[in-house]
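> What follows is structure27.txt, compact mmCIF, C-alpha atoms.
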# COMPACT_ATOMS: atom_id res chain seq x y z
CA MET A 1434 0.00 0.00 0.00
CA SER A 1435 1.38 3.41 -0.89
CA PRO A 1436 1.66 6.01 1.87
CA SER A 1437 -1.24 8.46 2.17
CA LEU A 1438 -0.77 12.16 1.54
CA ASP A 1439 -1.27 12.83 5.25
CA THR A 1440 1.55 10.45 6.10
CA LEU A 1441 3.86 12.13 3.61
CA PHE A 1442 2.84 15.52 4.99
CA SER A 1443 3.74 14.64 8.59
CA LEU A 1444 6.89 12.83 7.51
CA SER A 1445 8.11 15.89 5.57
CA SER A 1446 7.13 18.34 8.30
CA ASN A 1447 8.88 16.27 10.96
CA LEU A 1448 12.03 16.04 8.87
CA ALA A 1449 12.03 19.80 8.41
CA ILE A 1450 11.36 20.51 12.08
CA VAL A 1451 14.25 18.27 13.14
CA GLY A 1452 16.47 20.29 10.80
CA TRP A 1453 15.25 23.65 12.12
CA LEU A 1454 15.64 22.58 15.76
CA ALA A 1455 19.17 21.41 15.03
CA LEU A 1456 19.97 24.73 13.34
CA ALA A 1457 18.57 26.65 16.30
CA LEU A 1458 20.19 24.62 19.08
CA VAL A 1459 23.35 22.85 17.90
CA PRO A 1460 26.58 24.81 18.38
CA ARG A 1461 28.29 25.83 15.15
CA ARG A 1462 31.30 23.54 15.17
CA GLY A 1463 32.39 21.60 12.15
CA GLU A 1464 30.49 20.85 9.01
CA ILE A 1465 28.27 17.97 10.15
CA LEU A 1466 25.36 20.20 11.19
CA TYR A 1467 25.39 22.06 7.87
CA ARG A 1468 25.63 18.80 5.88
CA VAL A 1469 22.61 17.34 7.68
CA THR A 1470 20.32 20.39 7.58
CA GLY A 1471 21.59 21.85 4.31
CA LEU A 1472 22.00 18.70 2.22
CA LEU A 1473 20.71 15.49 3.79
CA ILE A 1474 17.25 16.64 4.89
CA PRO A 1475 16.57 18.84 1.81
CA CYS A 1476 17.63 15.91 -0.42
CA LEU A 1477 15.26 13.53 1.37
CA LEU A 1478 12.51 16.11 0.90
CA ALA A 1479 13.55 16.39 -2.75
CA ILE A 1480 12.77 12.70 -3.26
CA ILE A 1481 9.27 13.14 -1.82
CA TYR A 1482 8.73 16.30 -3.86
CA GLY A 1483 10.01 14.75 -7.09
CA ALA A 1484 7.92 11.62 -6.76
CA LEU A 1485 4.75 13.61 -6.03
CA MET A 1486 5.34 15.93 -8.98
CA LEU A 1487 6.20 13.15 -11.45
CA THR A 1488 3.12 11.16 -10.61
CA ASN A 1489 0.64 14.04 -10.50
CA PHE A 1490 1.86 16.93 -12.61
CA ALA A 1491 0.13 15.73 -15.77
CA GLY A 1492 -3.14 15.19 -13.90
CA ALA A 1493 -3.76 18.79 -12.85
CA GLU A 1494 -6.44 20.08 -15.22
CA GLY A 1495 -5.53 23.55 -16.62
CA GLY A 1496 -2.49 23.75 -14.36
CA GLY A 1497 0.66 25.65 -15.29
CA TYR A 1498 3.02 28.46 -14.32
CA GLY A 1499 1.96 31.16 -16.78
CA SER A 1500 -0.68 32.97 -14.72
CA LEU A 1501 -2.17 33.06 -11.24
CA VAL A 1502 -5.21 31.17 -12.59
CA GLN A 1503 -3.00 28.36 -13.88
CA VAL A 1504 -1.04 28.18 -10.65
CA ARG A 1505 -4.27 28.00 -8.67
CA ALA A 1506 -5.51 25.19 -10.91
CA LEU A 1507 -2.21 23.38 -10.38
CA PHE A 1508 -2.47 23.59 -6.60
CA SER A 1509 -6.15 22.64 -6.54
CA LYS A 1510 -4.95 19.03 -6.68
CA ASP A 1511 -3.99 17.84 -3.18
CA ASP A 1512 -0.96 15.86 -4.33
CA ILE A 1513 0.51 18.94 -6.03
CA LEU A 1514 -0.41 21.11 -3.06
CA LEU A 1515 1.58 18.76 -0.85
CA ALA A 1516 4.47 18.79 -3.33
CA GLY A 1517 4.44 22.59 -3.24
CA TRP A 1518 4.53 22.49 0.56
CA VAL A 1519 7.46 20.05 0.56
CA HIS A 1520 9.23 22.38 -1.89
CA TYR A 1521 8.87 25.19 0.69
CA LEU A 1522 10.16 22.94 3.46
CA ALA A 1523 13.19 21.79 1.48
CA PHE A 1524 14.31 25.16 0.16
CA ASP A 1525 13.56 27.13 3.34
CA LEU A 1526 15.72 24.74 5.34
CA ALA A 1527 18.50 24.85 2.74
CA VAL A 1528 18.42 28.65 2.80
CA GLY A 1529 18.25 28.62 6.61
CA THR A 1530 21.38 26.49 6.70
CA TRP A 1531 23.17 28.81 4.30
CA ILE A 1532 22.17 31.76 6.53
CA ALA A 1533 23.43 30.00 9.67
CA LYS A 1534 26.78 29.22 8.06
CA GLN A 1535 27.29 32.66 6.56
CA ALA A 1536 26.18 34.32 9.80
CA ALA A 1537 28.75 32.32 11.76
CA ILE A 1538 31.44 33.38 9.28
CA ALA A 1539 30.36 37.03 9.56
CA GLY A 1540 30.48 36.92 13.37
CA ILE A 1541 26.74 37.26 13.87
CA SER A 1542 25.96 35.78 17.26
CA HIS A 1543 24.13 32.44 17.46
CA LEU A 1544 21.52 34.17 19.64
CA ILE A 1545 20.76 36.68 16.86
CA GLN A 1546 20.71 33.88 14.29
CA ILE A 1547 17.75 32.33 16.09
CA PRO A 1548 15.25 35.16 15.35
CA ILE A 1549 16.60 35.39 11.78
CA LEU A 1550 16.11 31.63 11.34
CA LEU A 1551 12.64 31.92 12.89
CA LEU A 1552 11.80 34.56 10.27
CA THR A 1553 13.12 32.24 7.56
CA LEU A 1554 11.04 29.34 8.88
CA MET A 1555 7.87 31.43 9.09
CA PHE A 1556 8.28 33.88 6.21
CA GLY A 1557 11.02 32.35 3.99
CA PRO A 1558 12.44 35.16 1.87
CA VAL A 1559 11.89 37.77 4.60
CA GLY A 1560 14.45 35.87 6.68
CA LEU A 1561 16.91 36.00 3.79
CA LEU A 1562 16.34 39.74 3.41
CA ALA A 1563 16.67 40.35 7.16
CA PHE A 1564 19.89 38.36 7.25
CA THR A 1565 21.39 40.09 4.23
CA LEU A 1566 20.72 43.57 5.58
CA THR A 1567 21.78 42.69 9.13
CA ARG A 1568 25.06 41.32 7.82
CA ALA A 1569 25.56 44.38 5.61
CA GLY A 1570 25.14 46.66 8.63
CA TRP A 1571 27.34 44.51 10.84
CA SER A 1572 30.16 44.44 8.27
CA GLN A 1573 30.27 48.23 8.64
CA LEU A 1574 30.34 48.13 12.45
CA ARG A 1575 32.65 45.19 12.94
CA PRO A 1576 36.17 46.30 13.75
CA ALA A 1577 38.56 45.76 10.84
CA LYS A 1578 41.40 43.32 11.53
CA GLN A 1579 44.13 45.96 11.32
CA GLU A 1580 42.35 48.03 13.96
CA LEU A 1581 42.74 45.33 16.58
CA ALA A 1582 45.46 46.39 18.95
CA MET B 125 45.73 54.80 13.81
CA THR B 126 48.15 56.88 15.86
CA ASP B 127 47.79 58.46 19.27
CA ALA B 128 47.56 61.88 17.67
CA THR B 129 44.34 61.06 15.83
CA LEU B 130 42.89 59.50 18.96
CA ASN B 131 43.40 62.73 20.84
CA HIS B 132 41.17 64.48 18.36
CA PRO B 133 38.50 61.99 17.45
CA ASN B 134 35.60 63.14 15.36
CA LEU B 135 32.02 62.48 16.31
CA ILE B 136 31.61 59.43 14.08
CA GLN B 137 34.64 57.80 15.70
CA GLY B 138 33.24 58.76 19.08
CA VAL B 139 29.96 56.98 18.45
CA PHE B 140 31.10 53.93 16.53
CA ARG B 141 34.69 53.41 17.60
CA SER B 142 34.73 54.69 21.21
CA PRO B 143 38.22 56.20 21.18
CA SER B 144 40.06 57.60 24.16
CA PHE B 145 39.93 61.25 25.04
CA GLY B 146 43.16 61.45 27.04
CA LYS B 147 46.46 63.05 26.04
CA THR B 148 48.57 60.03 26.90
CA ALA B 149 46.08 57.42 25.87
CA LYS B 150 47.21 54.30 24.12
CA PRO B 151 45.14 53.30 21.10
CA ALA B 152 41.98 51.72 22.43
CA LEU B 153 41.38 48.06 21.87
CA LYS B 154 38.75 48.23 19.20
CA THR B 155 36.87 45.07 19.64
CA ARG B 156 33.22 44.42 20.30
CA PHE B 157 32.34 42.26 23.23
CA PHE B 158 29.40 39.87 23.48
CA ALA B 159 26.93 42.40 24.92
CA GLU B 160 27.74 45.03 22.30
CA ARG B 161 27.47 42.47 19.51
CA ILE B 162 24.04 41.36 20.74
CA TRP B 163 22.74 44.94 21.02
CA TRP B 164 24.14 46.03 17.65
CA GLN B 165 23.00 42.96 15.80
CA THR B 166 19.48 43.10 17.25
CA ALA B 167 19.24 46.77 16.32
CA LEU B 168 20.36 45.94 12.78
CA LEU B 169 17.88 43.07 12.56
CA LEU B 170 15.03 45.41 13.56
CA LEU B 171 16.06 47.82 10.80
CA ALA B 172 16.59 44.99 8.32
CA THR B 173 12.88 44.11 8.28
CA MET B 174 11.84 47.71 7.57
CA PRO B 175 11.67 47.33 3.75
CA VAL B 176 8.92 44.74 4.27
CA THR B 177 7.01 46.98 6.69
CA LEU B 178 7.34 49.90 4.28
CA LEU B 179 5.88 47.94 1.37
CA ALA B 180 3.14 46.60 3.66
CA LEU B 181 2.35 50.22 4.51
CA SER B 182 1.73 51.01 0.86
CA LEU B 183 -0.19 47.79 0.10
CA ASP B 184 -2.46 47.72 3.16
CA ASP B 185 -5.62 49.83 3.22
CA ARG B 186 -6.44 49.11 6.84
CA LEU B 187 -6.46 51.97 9.31
CA HIS B 188 -6.01 52.14 13.08
CA ASN B 189 -7.07 55.32 14.86
CA GLY B 190 -7.56 56.80 11.41
CA ILE B 191 -4.01 56.30 10.08
CA PRO B 192 -2.41 53.38 8.19
CA ILE B 193 -1.97 50.40 10.47
CA TRP B 194 1.75 49.88 9.66
CA ILE B 195 2.86 53.35 10.83
CA LYS B 196 3.16 52.17 14.41
CA PRO B 197 5.36 49.09 13.79
CA LEU B 198 7.62 51.31 11.67
CA LYS B 199 7.99 53.92 14.41
CA PHE B 200 8.77 51.26 16.98
CA GLN B 201 11.30 49.52 14.74
CA VAL B 202 13.25 52.74 14.40
CA SER B 203 13.06 53.83 18.02
CA MET B 204 13.88 50.39 19.41
CA ALA B 205 16.88 50.03 17.11
CA LEU B 206 18.07 53.42 18.35
CA HIS B 207 17.42 52.37 21.95
CA LEU B 208 19.51 49.18 21.67
CA ALA B 209 22.28 50.88 19.70
CA THR B 210 22.53 53.44 22.51
CA PHE B 211 23.26 50.68 25.02
CA ALA B 212 25.81 49.15 22.64
CA ILE B 213 27.63 52.46 22.28
CA ILE B 214 27.61 53.35 25.98
CA ALA B 215 28.69 49.82 26.95
CA SER B 216 31.70 50.18 24.65
CA TRP B 217 32.93 53.13 26.73
CA PHE B 218 33.44 50.95 29.81
CA GLN B 219 36.71 49.16 30.58
CA PRO B 220 37.07 45.66 29.06
CA PRO B 221 36.37 43.79 32.34
CA GLN B 222 32.95 45.44 32.56
CA ARG B 223 32.36 45.22 28.81
CA LYS B 224 32.65 41.46 28.94
CA SER B 225 31.10 41.00 32.37
CA GLY B 226 28.20 38.67 32.99
CA TRP B 227 25.82 41.43 34.05
CA MET B 228 26.42 43.39 30.85
CA SER B 229 25.91 40.28 28.71
CA ALA B 230 22.77 39.34 30.61
CA LEU B 231 21.33 42.84 30.19
CA ALA B 232 22.02 42.69 26.45
CA VAL B 233 20.34 39.31 26.00
CA VAL B 234 17.31 40.18 28.12
CA SER B 235 16.66 43.62 26.63
CA SER B 236 17.29 42.46 23.05
CA LEU B 237 14.90 39.56 23.48
CA ALA B 238 12.35 41.97 24.95
CA ALA B 239 12.74 44.27 21.93
CA LEU B 240 12.26 41.42 19.47
CA VAL B 241 9.18 40.15 21.30
CA GLU B 242 7.79 43.69 21.52
CA ILE B 243 8.22 44.27 17.77
CA ALA B 244 6.84 40.83 16.94
CA LEU B 245 3.74 41.57 19.03
CA ILE B 246 3.26 45.10 17.69
CA GLY B 247 3.75 43.87 14.11
CA GLY B 248 1.62 40.80 14.69
CA GLN B 249 -1.27 42.86 16.07
CA ALA B 250 -0.95 45.23 13.10
CA ALA B 251 -1.12 42.25 10.74
CA ARG B 252 -4.28 41.10 12.53
CA GLY B 253 -5.68 44.58 12.05
CA VAL B 254 -6.02 45.43 15.73
CA GLY B 255 -4.28 47.77 18.16
CA SER B 256 -1.47 46.63 20.42
CA HIS B 257 -1.17 49.20 23.24
CA PHE B 258 -4.32 49.74 25.32
CA ASN B 259 -6.04 46.84 23.55
CA ILE B 260 -7.78 44.89 26.29
CA GLY B 261 -10.71 43.84 24.08
CA ALA B 262 -10.39 40.10 23.56
CA SER B 263 -8.53 38.05 26.16
CA MET B 264 -5.79 37.32 23.60
CA ASP B 265 -5.26 41.05 23.04
CA HIS B 266 -5.22 41.63 26.78
CA ILE B 267 -2.53 38.99 27.27
CA ILE B 268 -0.46 40.51 24.46
CA TYR B 269 -0.74 43.99 25.99
CA SER B 270 0.32 42.61 29.39
CA VAL B 271 3.34 40.82 27.90
CA MET B 272 4.29 44.09 26.19
CA GLY B 273 4.16 45.82 29.58
CA VAL B 274 6.63 43.35 31.07
CA GLY B 275 8.75 43.61 27.91
CA SER B 276 8.92 47.38 28.16
CA LEU B 277 10.27 47.15 31.71
CA LEU B 278 13.00 44.73 30.60
CA LEU B 279 13.71 47.07 27.72
CA ILE B 280 14.56 50.01 29.97
CA LEU B 281 16.22 47.94 32.72
CA PRO B 282 19.73 48.35 31.19
CA ALA B 283 19.37 52.13 31.55
CA LEU B 284 19.02 51.77 35.33
CA ILE B 285 21.82 49.28 35.85
CA ILE B 286 24.32 50.74 33.38
CA GLY B 287 23.49 54.22 34.70
CA ILE B 288 24.32 53.21 38.28
CA ARG B 289 27.46 51.35 37.17
CA ILE B 290 28.66 54.44 35.33
CA LEU B 291 28.32 56.61 38.41
CA PHE B 292 30.50 54.16 40.37
CA ALA B 293 32.99 53.55 37.55
CA LYS B 294 36.47 55.02 37.72
CA PRO B 295 36.95 57.87 35.24
CA THR B 296 39.12 56.75 32.33
CA ASP B 297 40.45 58.27 29.14
CA ARG B 298 37.65 56.54 27.33
CA MET B 299 34.97 57.74 29.73
CA PRO B 300 36.28 60.86 31.49
CA ASN B 301 34.23 62.51 34.23
CA LEU B 302 32.30 64.62 31.74
CA LEU B 303 31.11 61.58 29.78
CA LYS B 304 30.46 59.70 33.02
CA ALA B 305 28.18 62.53 34.12
CA ALA B 306 26.42 62.80 30.76
CA ASN B 307 25.93 59.06 30.28
CA GLY B 308 25.03 58.31 33.87
CA SER B 309 22.58 61.16 34.26
CA GLY B 310 21.12 60.62 30.79
CA LEU B 311 20.43 56.95 31.43
CA LEU B 312 19.16 57.31 34.99
CA LEU B 313 17.03 60.37 34.28
CA SER B 314 15.57 58.70 31.22
CA PHE B 315 14.86 55.54 33.19
CA VAL B 316 13.13 57.32 36.07
CA LEU B 317 11.08 59.69 33.88
CA THR B 318 10.07 56.90 31.48
CA LEU B 319 9.06 54.69 34.40
CA ILE B 320 6.87 57.43 35.88
CA ILE B 321 5.31 58.59 32.62
CA ALA B 322 4.90 55.23 30.89
CA GLY B 323 3.76 53.77 34.21
CA TYR B 324 1.06 56.42 34.51
CA LEU B 325 0.24 55.97 30.81
CA SER B 326 -0.26 52.23 31.21
CA MET B 327 -2.85 52.83 33.92
CA GLN B 328 -4.96 54.94 31.53
CA GLY B 329 -7.27 53.65 28.83
CA SER B 330 -5.55 55.67 26.13
CA HIS B 331 -2.79 58.24 25.65
CA TRP B 332 -5.23 61.02 24.72
CA VAL B 333 -6.46 63.52 27.30
CA GLU B 334 -9.56 65.50 26.37
CA ALA B 335 -8.80 64.87 22.71
CA PRO B 336 -10.64 62.96 19.98
CA ALA B 337 -9.36 59.39 19.73
CA THR B 338 -7.76 59.69 16.33
CA ASP B 339 -4.29 60.09 14.85
CA VAL B 340 -5.66 61.97 11.85
CA ASP B 341 -4.16 65.49 11.50
CA GLY B 342 -1.58 64.76 14.19
CA VAL B 343 2.00 66.03 14.24
CA PRO B 344 3.81 64.47 11.24
CA ILE B 345 5.56 61.12 11.85
CA VAL B 346 4.99 60.98 15.62
CA GLY B 347 1.23 61.49 15.26
CA TRP B 348 0.65 63.49 18.47
CA THR B 349 -2.76 65.10 18.50
CA LYS B 350 -3.10 68.86 17.99
CA ARG B 351 -6.58 68.91 19.48
CA GLY B 352 -5.93 68.09 23.13
CA GLY B 353 -3.49 66.40 25.47
CA ASP B 354 -1.31 63.49 24.31
CA LEU B 355 0.76 61.61 26.88
CA ARG B 356 2.97 60.14 24.15
CA VAL B 357 4.81 63.48 23.92
CA ALA B 358 6.32 63.24 27.40
CA HIS B 359 7.02 59.51 26.96
CA PHE B 360 8.94 60.33 23.78
CA PHE B 361 11.08 62.99 25.44
CA ALA B 362 11.64 60.93 28.60
CA THR B 363 12.77 57.87 26.68
CA HIS B 364 14.95 59.68 24.17
CA LEU B 365 16.77 61.73 26.82
CA MET B 366 19.03 58.70 27.07
CA GLN B 367 20.28 59.52 23.58
CA VAL B 368 20.25 63.31 23.81
CA ILE B 369 22.23 63.85 27.01
CA PRO B 370 25.01 61.32 26.28
CA PHE B 371 25.23 62.76 22.76
CA LEU B 372 25.59 66.26 24.18
CA GLY B 373 28.37 64.90 26.39
CA LEU B 374 30.13 63.28 23.44
CA LEU B 375 29.71 66.40 21.34
CA SER B 376 31.24 68.52 24.11
CA VAL B 377 34.13 66.22 24.90
CA THR B 378 34.95 65.90 21.20
CA TYR B 379 34.86 69.56 20.22
CA LEU B 380 35.32 71.49 23.48
CA GLY B 381 37.46 69.16 25.55
CA ARG B 382 36.75 67.17 28.66
CA ARG B 383 37.74 69.86 31.13
CA SER B 384 36.12 72.83 29.46
CA ARG B 385 33.65 74.66 31.65
CA LEU B 386 31.42 75.13 28.62
CA SER B 387 31.25 71.34 28.20
CA TRP B 388 29.97 70.91 31.74
CA SER B 389 27.48 73.75 31.25
CA LEU B 390 26.16 72.13 28.09
CA VAL B 391 25.60 68.80 29.80
CA CYS B 392 23.94 70.52 32.77
CA CYS B 393 21.69 72.43 30.38
CA GLY B 394 20.78 69.16 28.72
CA VAL B 395 19.85 67.58 32.04
CA ILE B 396 17.82 70.54 33.29
CA GLY B 397 16.29 71.36 29.90
CA GLY B 398 15.43 67.73 29.18
CA THR B 399 13.78 67.25 32.55
CA ALA B 400 11.86 70.49 32.20
CA LEU B 401 10.69 69.62 28.69
CA THR B 402 9.61 66.14 29.74
CA LEU B 403 7.76 67.20 32.87
CA GLY B 404 6.39 70.28 31.11
CA THR B 405 4.88 68.24 28.28
CA PHE B 406 3.61 65.68 30.81
CA PHE B 407 1.66 68.30 32.77
CA GLN B 408 0.61 69.98 29.53
CA ALA B 409 -0.91 66.71 28.32
CA LEU B 410 -2.54 66.05 31.70
CA ALA B 411 -4.17 69.48 31.38
CA GLY B 412 -5.54 68.45 27.99
CA GLN B 413 -3.34 70.87 26.08
CA PRO B 414 -1.63 69.95 22.79
CA PHE B 415 2.18 70.13 22.53
CA LEU B 416 1.99 71.69 19.07
CA GLY B 417 -1.31 73.41 18.34
Let me see the file written as structure tokens.


Amino acid sequence: MSPSLDTLFSLSSNLAIVGWLALALVPRRGEILYRVTGLLIPCLLAIIYGALMLTNFAGAEGGGYGSLVQVRALFSKDDILLAGWVHYLAFDLAVGTWIAKQAAIAGISHLIQIPILLLTLMFGPVGLLAFTLTRAGWSQLRPAKQELA
Amino acid sequence: MTDATLNHPNLIQGVFRSPSFGKTAKPALKTRFFAERIWWQTALLLLATMPVTLLALSLDDRLHNGIPIWIKPLKFQVSMALHLATFAIIASWFQPPQRKSGWMSALAVVSSLAALVEIALIGGQAARGVGSHFNIGASMDHIIYSVMGVGSLLLILPALIIGIRILFAKPTDRMPNLLKAANGSGLLLSFVLTLIIAGYLSMQGSHWVEAPATDVDGVPIVGWTKRGGDLRVAHFFATHLMQVIPFLGLLSVTYLGRRSRLSWSLVCCGVIGGTALTLGTFFQALAGQPFLG
């Protein structure tokens, strides 16, 4: 018996949540954290996404990417809706991981990364924007190496 | 950077690089400790979400008290970023042992978290299309308003503790007596006045006194009513004294010198004038009079 959409939904959500919790709580040492949350989990989600799309894309009547009407028609099919959701989960987590890694490099405190990651989890691109601008400001304020006595 | 340039820092260096003001000073160690990093980075994060709030302002037709609903989150983003940056700057004028001390770090974490929660609640309530302050309508709104009250206390707590610590700190080239006086009095005065005025404000049902409950036709940007008393005026002055008086001190020490009598007079004027303005606008609002007619 193939897994139901609800099962796939909770499986994907749980995978993503494990990744986000790890990003929020695990200290930034070494590459293992980034490999798990940035590659492993998004790739597992990619399998779920790909399979859902391959098996259902052709079945969405009037669906497409050309207009809002077509996109709505595409997502009116539950399988595609779930695929779209898994797409969010996979890419948001990948972006969140990239943010965490770049933030650590830029010297942005782990404590400040948490609200930025929360923004990325809840509002995706807004988190990316907030991170980019925060880092831009911080790079101006951070003491340059040659200024260190 | 040589000693000579440190003896004559400009204002930008004073704010962002906290140089020394002494004749024999060695170049200051220009690093940023944990507390300063937390304050700066939270302030930057608050500003970093402003493009989204600005676009929301132009997309959203909803009004609160007659003006666009996103005006308030915008105002609070700016003023809270300024508030946290002020702590970051003043903290950087302490000696390294205090800059990296546990109490300074704890203050930074607690007040930054409070600021983020405050902005999240104010923005969240705006997104829901309801008011945040004075909203005790539904139980959810009431809880949110209560949490914001606790948050606002945590937000001004660093002013009290850093203010007291400054008064007991040894004068240094980085924070000579003049700056000690300006920073200490600015923070403590601001804390006490804000506590009194915001405390009184929180016991009222609204910030208007004998004025129509609308922000329409108010003073630009701040929105204070021109048709009666508005307690937000005094709150604004009380809370921003903690920027004005230290800035006066920095301005004086940079351009007039740390021993100049004029410097001390300027700081004293700031303290007396700021207190008078705050209390004056407080009583003016209580009497139902507008600040700007």

> Counting all atoms listed in the file, which residues in chain A sit no more than 12 Å from chain B? For each one, give the nearest pair of atoms and the distance in Å, sorted by chain then residue number, as CSV.


residue,atom,partner,partner_atom,distance
A:Ala1536,CA,B:Gln165,CA,11.0
A:Ala1539,CA,B:Gln165,CA,11.3
A:Gly1540,CA,B:Arg161,CA,8.8
A:Ile1541,CA,B:Gln165,CA,7.1
A:Ser1542,CA,B:Ile162,CA,6.9
A:His1543,CA,B:Ile162,CA,9.5
A:Leu1544,CA,B:Ile162,CA,7.7
A:Ile1545,CA,B:Thr166,CA,6.6
A:Gln1546,CA,B:Gln165,CA,9.5
A:Ile1547,CA,B:Leu237,CA,10.7
A:Pro1548,CA,B:Leu240,CA,8.1
A:Ile1549,CA,B:Leu169,CA,7.8
A:Leu1550,CA,B:Leu169,CA,11.6
A:Leu1551,CA,B:Ala244,CA,11.4
A:Leu1552,CA,B:Thr173,CA,9.8
A:Thr1553,CA,B:Thr173,CA,11.9
A:Phe1556,CA,B:Val176,CA,11.1
A:Pro1558,CA,B:Val176,CA,10.5
A:Val1559,CA,B:Thr173,CA,7.4
A:Gly1560,CA,B:Thr173,CA,8.5
A:Leu1561,CA,B:Ala172,CA,10.1
A:Leu1562,CA,B:Ala172,CA,7.2
A:Ala1563,CA,B:Ala172,CA,4.8
A:Phe1564,CA,B:Leu169,CA,7.4
A:Thr1565,CA,B:Ala172,CA,8.0
A:Leu1566,CA,B:Ala172,CA,5.2
A:Thr1567,CA,B:Leu168,CA,5.1
A:Arg1568,CA,B:Leu168,CA,8.2
A:Ala1569,CA,B:Leu168,CA,9.0
A:Gly1570,CA,B:Leu168,CA,6.4
A:Trp1571,CA,B:Gln165,CA,6.8
A:Ser1572,CA,B:Gln165,CA,10.5
A:Gln1573,CA,B:Phe140,CA,9.8
A:Leu1574,CA,B:Phe140,CA,7.1
A:Arg1575,CA,B:Arg156,CA,7.4
A:Pro1576,CA,B:Thr155,CA,6.1
A:Ala1577,CA,B:Lys154,CA,8.7
A:Lys1578,CA,B:Thr155,CA,9.5
A:Gln1579,CA,B:Met125,CA,9.3
A:Glu1580,CA,B:Lys154,CA,6.4
A:Leu1581,CA,B:Lys154,CA,5.6
A:Ala1582,CA,B:Leu153,CA,5.3

> Could you please determine the separation between CA of Pro1436 (chain A) and CA of Val1469 (chain A) in Å, to one decimal place?

24.5 Å

> Measuring atom to atom with only C-alpha atoms, identify which of A:Gly1499, A:Ala1533, A:Asp1511, A:Gly1557 is nearest to Val1459 (chain A).

A:Ala1533

> Using all atoms listed in the file, which of the listed residues (B:Leu135, B:Leu303, B:Ile369, B:Leu410) sits closest to His331 (chain B)?

B:Leu410

> May I ask for the distance between CA of Trp1453 (chain A) and CA of Tyr1482 (chain A), given in Å to one decimal place?

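So the two atoms, CA of Trp1453 (chain A) and CA of Tyr1482 (chain A), lie 18.8 Å apart.
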
> So that I can check the surroundings of region 245-261 of chain B, please list as a ChimeraX atom specification every protein, DNA and RNA residue that reaches within 10 Å of it, counting all atoms listed in the file and ignoring chain neighbours fewer than 2 positions away.

/B:177,180,184,186-189,192-198,200-201,239-243,263-273,325-331

> Let me make sure I understand: among B:Val391, B:Leu206, B:Arg356, B:Gly190, which one has the smallest atom-to-atom distance to Pro336 (chain B) if we use all atoms listed in the file?

B:Gly190

> If I put a ball of radius 12 Å at (25.7, 49.8, 27.0) in the file's coordinates, which residues poke into it when counting only C-alpha atoms, written as a ChimeraX atom specification?

/B:139,142,156-164,207-219,222-225,227-233,235-236,280-290,307-308,311,366-367,370

> To one decimal place in Å, what is the distance between CA of Ser203 (chain B) and CA of Phe145 (chain B)?

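Between CA of Ser203 (chain B) and CA of Phe145 (chain B) the gap works out to 28.7 Å.
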
> Can you tell me, as a VMD selection string, what residues are no more than 9 Å from Ala238 (chain B) when counting only C-alpha atoms, ignoring any on the same chain fewer than 6 positions away?

chain B and resid 272 274 to 279

> Between A:Ala1523, A:Ile1465, A:Leu1514, A:Leu1554, which has the minimum distance to Asp1439 (chain A) (counting all atoms listed in the file)?

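The answer is A:Leu1514, which sits nearest to Asp1439 (chain A).
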
> Which residue, A:Gly1497, A:Gly1492, A:Gly1517, A:Gly1452, has the smallest gap to Leu1472 (chain A) when you use all atoms listed in the file?

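Using all atoms listed in the file, Leu1472 (chain A) sits closest to A:Gly1452.
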
> Just the residues within 10 Å of Leu1477 (chain A), please, counting only C-alpha atoms, with nothing from its chain fewer than 2 positions along; format it as a list of chain:residue names.

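Here the answer would be A:Ser1445, A:Leu1448, A:Ala1449, A:Leu1472, A:Leu1473, A:Ile1474, A:Pro1475, A:Ala1479, A:Ile1480, A:Ile1481, A:Tyr1482, A:Ala1523.
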
> When you count all atoms listed in the file, which of these residues is closest to Cys393 (chain B): B:Leu416, B:Ala306, B:Ile191, B:Val346?

B:Ala306

> Have region 1568-1575 of chain A completed to N, CA and C atoms, please, and pass it along as an mmCIF file, in the frame of the given file.


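Generated output (selection.cif):
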data_model
loop_
_atom_site.group_PDB
_atom_site.id
_atom_site.type_symbol
_atom_site.label_atom_id
_atom_site.label_comp_id
_atom_site.auth_asym_id
_atom_site.auth_seq_id
_atom_site.Cartn_x
_atom_site.Cartn_y
_atom_site.Cartn_z
ATOM 1 N N ARG A 1568 23.637 41.572 8.057
ATOM 2 C CA ARG A 1568 25.060 41.320 7.820
ATOM 3 C C ARG A 1568 25.725 42.541 7.181
ATOM 4 N N ALA A 1569 24.994 43.194 6.256
ATOM 5 C CA ALA A 1569 25.560 44.380 5.610
ATOM 6 C C ALA A 1569 25.867 45.450 6.651
ATOM 7 N N GLY A 1570 24.918 45.668 7.577
ATOM 8 C CA GLY A 1570 25.140 46.660 8.630
ATOM 9 C C GLY A 1570 26.288 46.260 9.537
ATOM 10 N N TRP A 1571 26.316 44.979 9.903
ATOM 11 C CA TRP A 1571 27.340 44.510 10.840
ATOM 12 C C TRP A 1571 28.728 44.593 10.230
ATOM 13 N N SER A 1572 28.841 44.367 8.903
ATOM 14 C CA SER A 1572 30.160 44.440 8.270
ATOM 15 C C SER A 1572 30.704 45.864 8.340
ATOM 16 N N GLN A 1573 29.810 46.848 8.473
ATOM 17 C CA GLN A 1573 30.270 48.230 8.640
ATOM 18 C C GLN A 1573 30.725 48.496 10.075
ATOM 19 N N LEU A 1574 30.077 47.837 11.034
ATOM 20 C CA LEU A 1574 30.340 48.130 12.450
ATOM 21 C C LEU A 1574 31.464 47.283 13.027
ATOM 22 N N ARG A 1575 31.658 46.124 12.416
ATOM 23 C CA ARG A 1575 32.650 45.190 12.940
ATOM 24 C C ARG A 1575 34.028 45.816 12.816
#
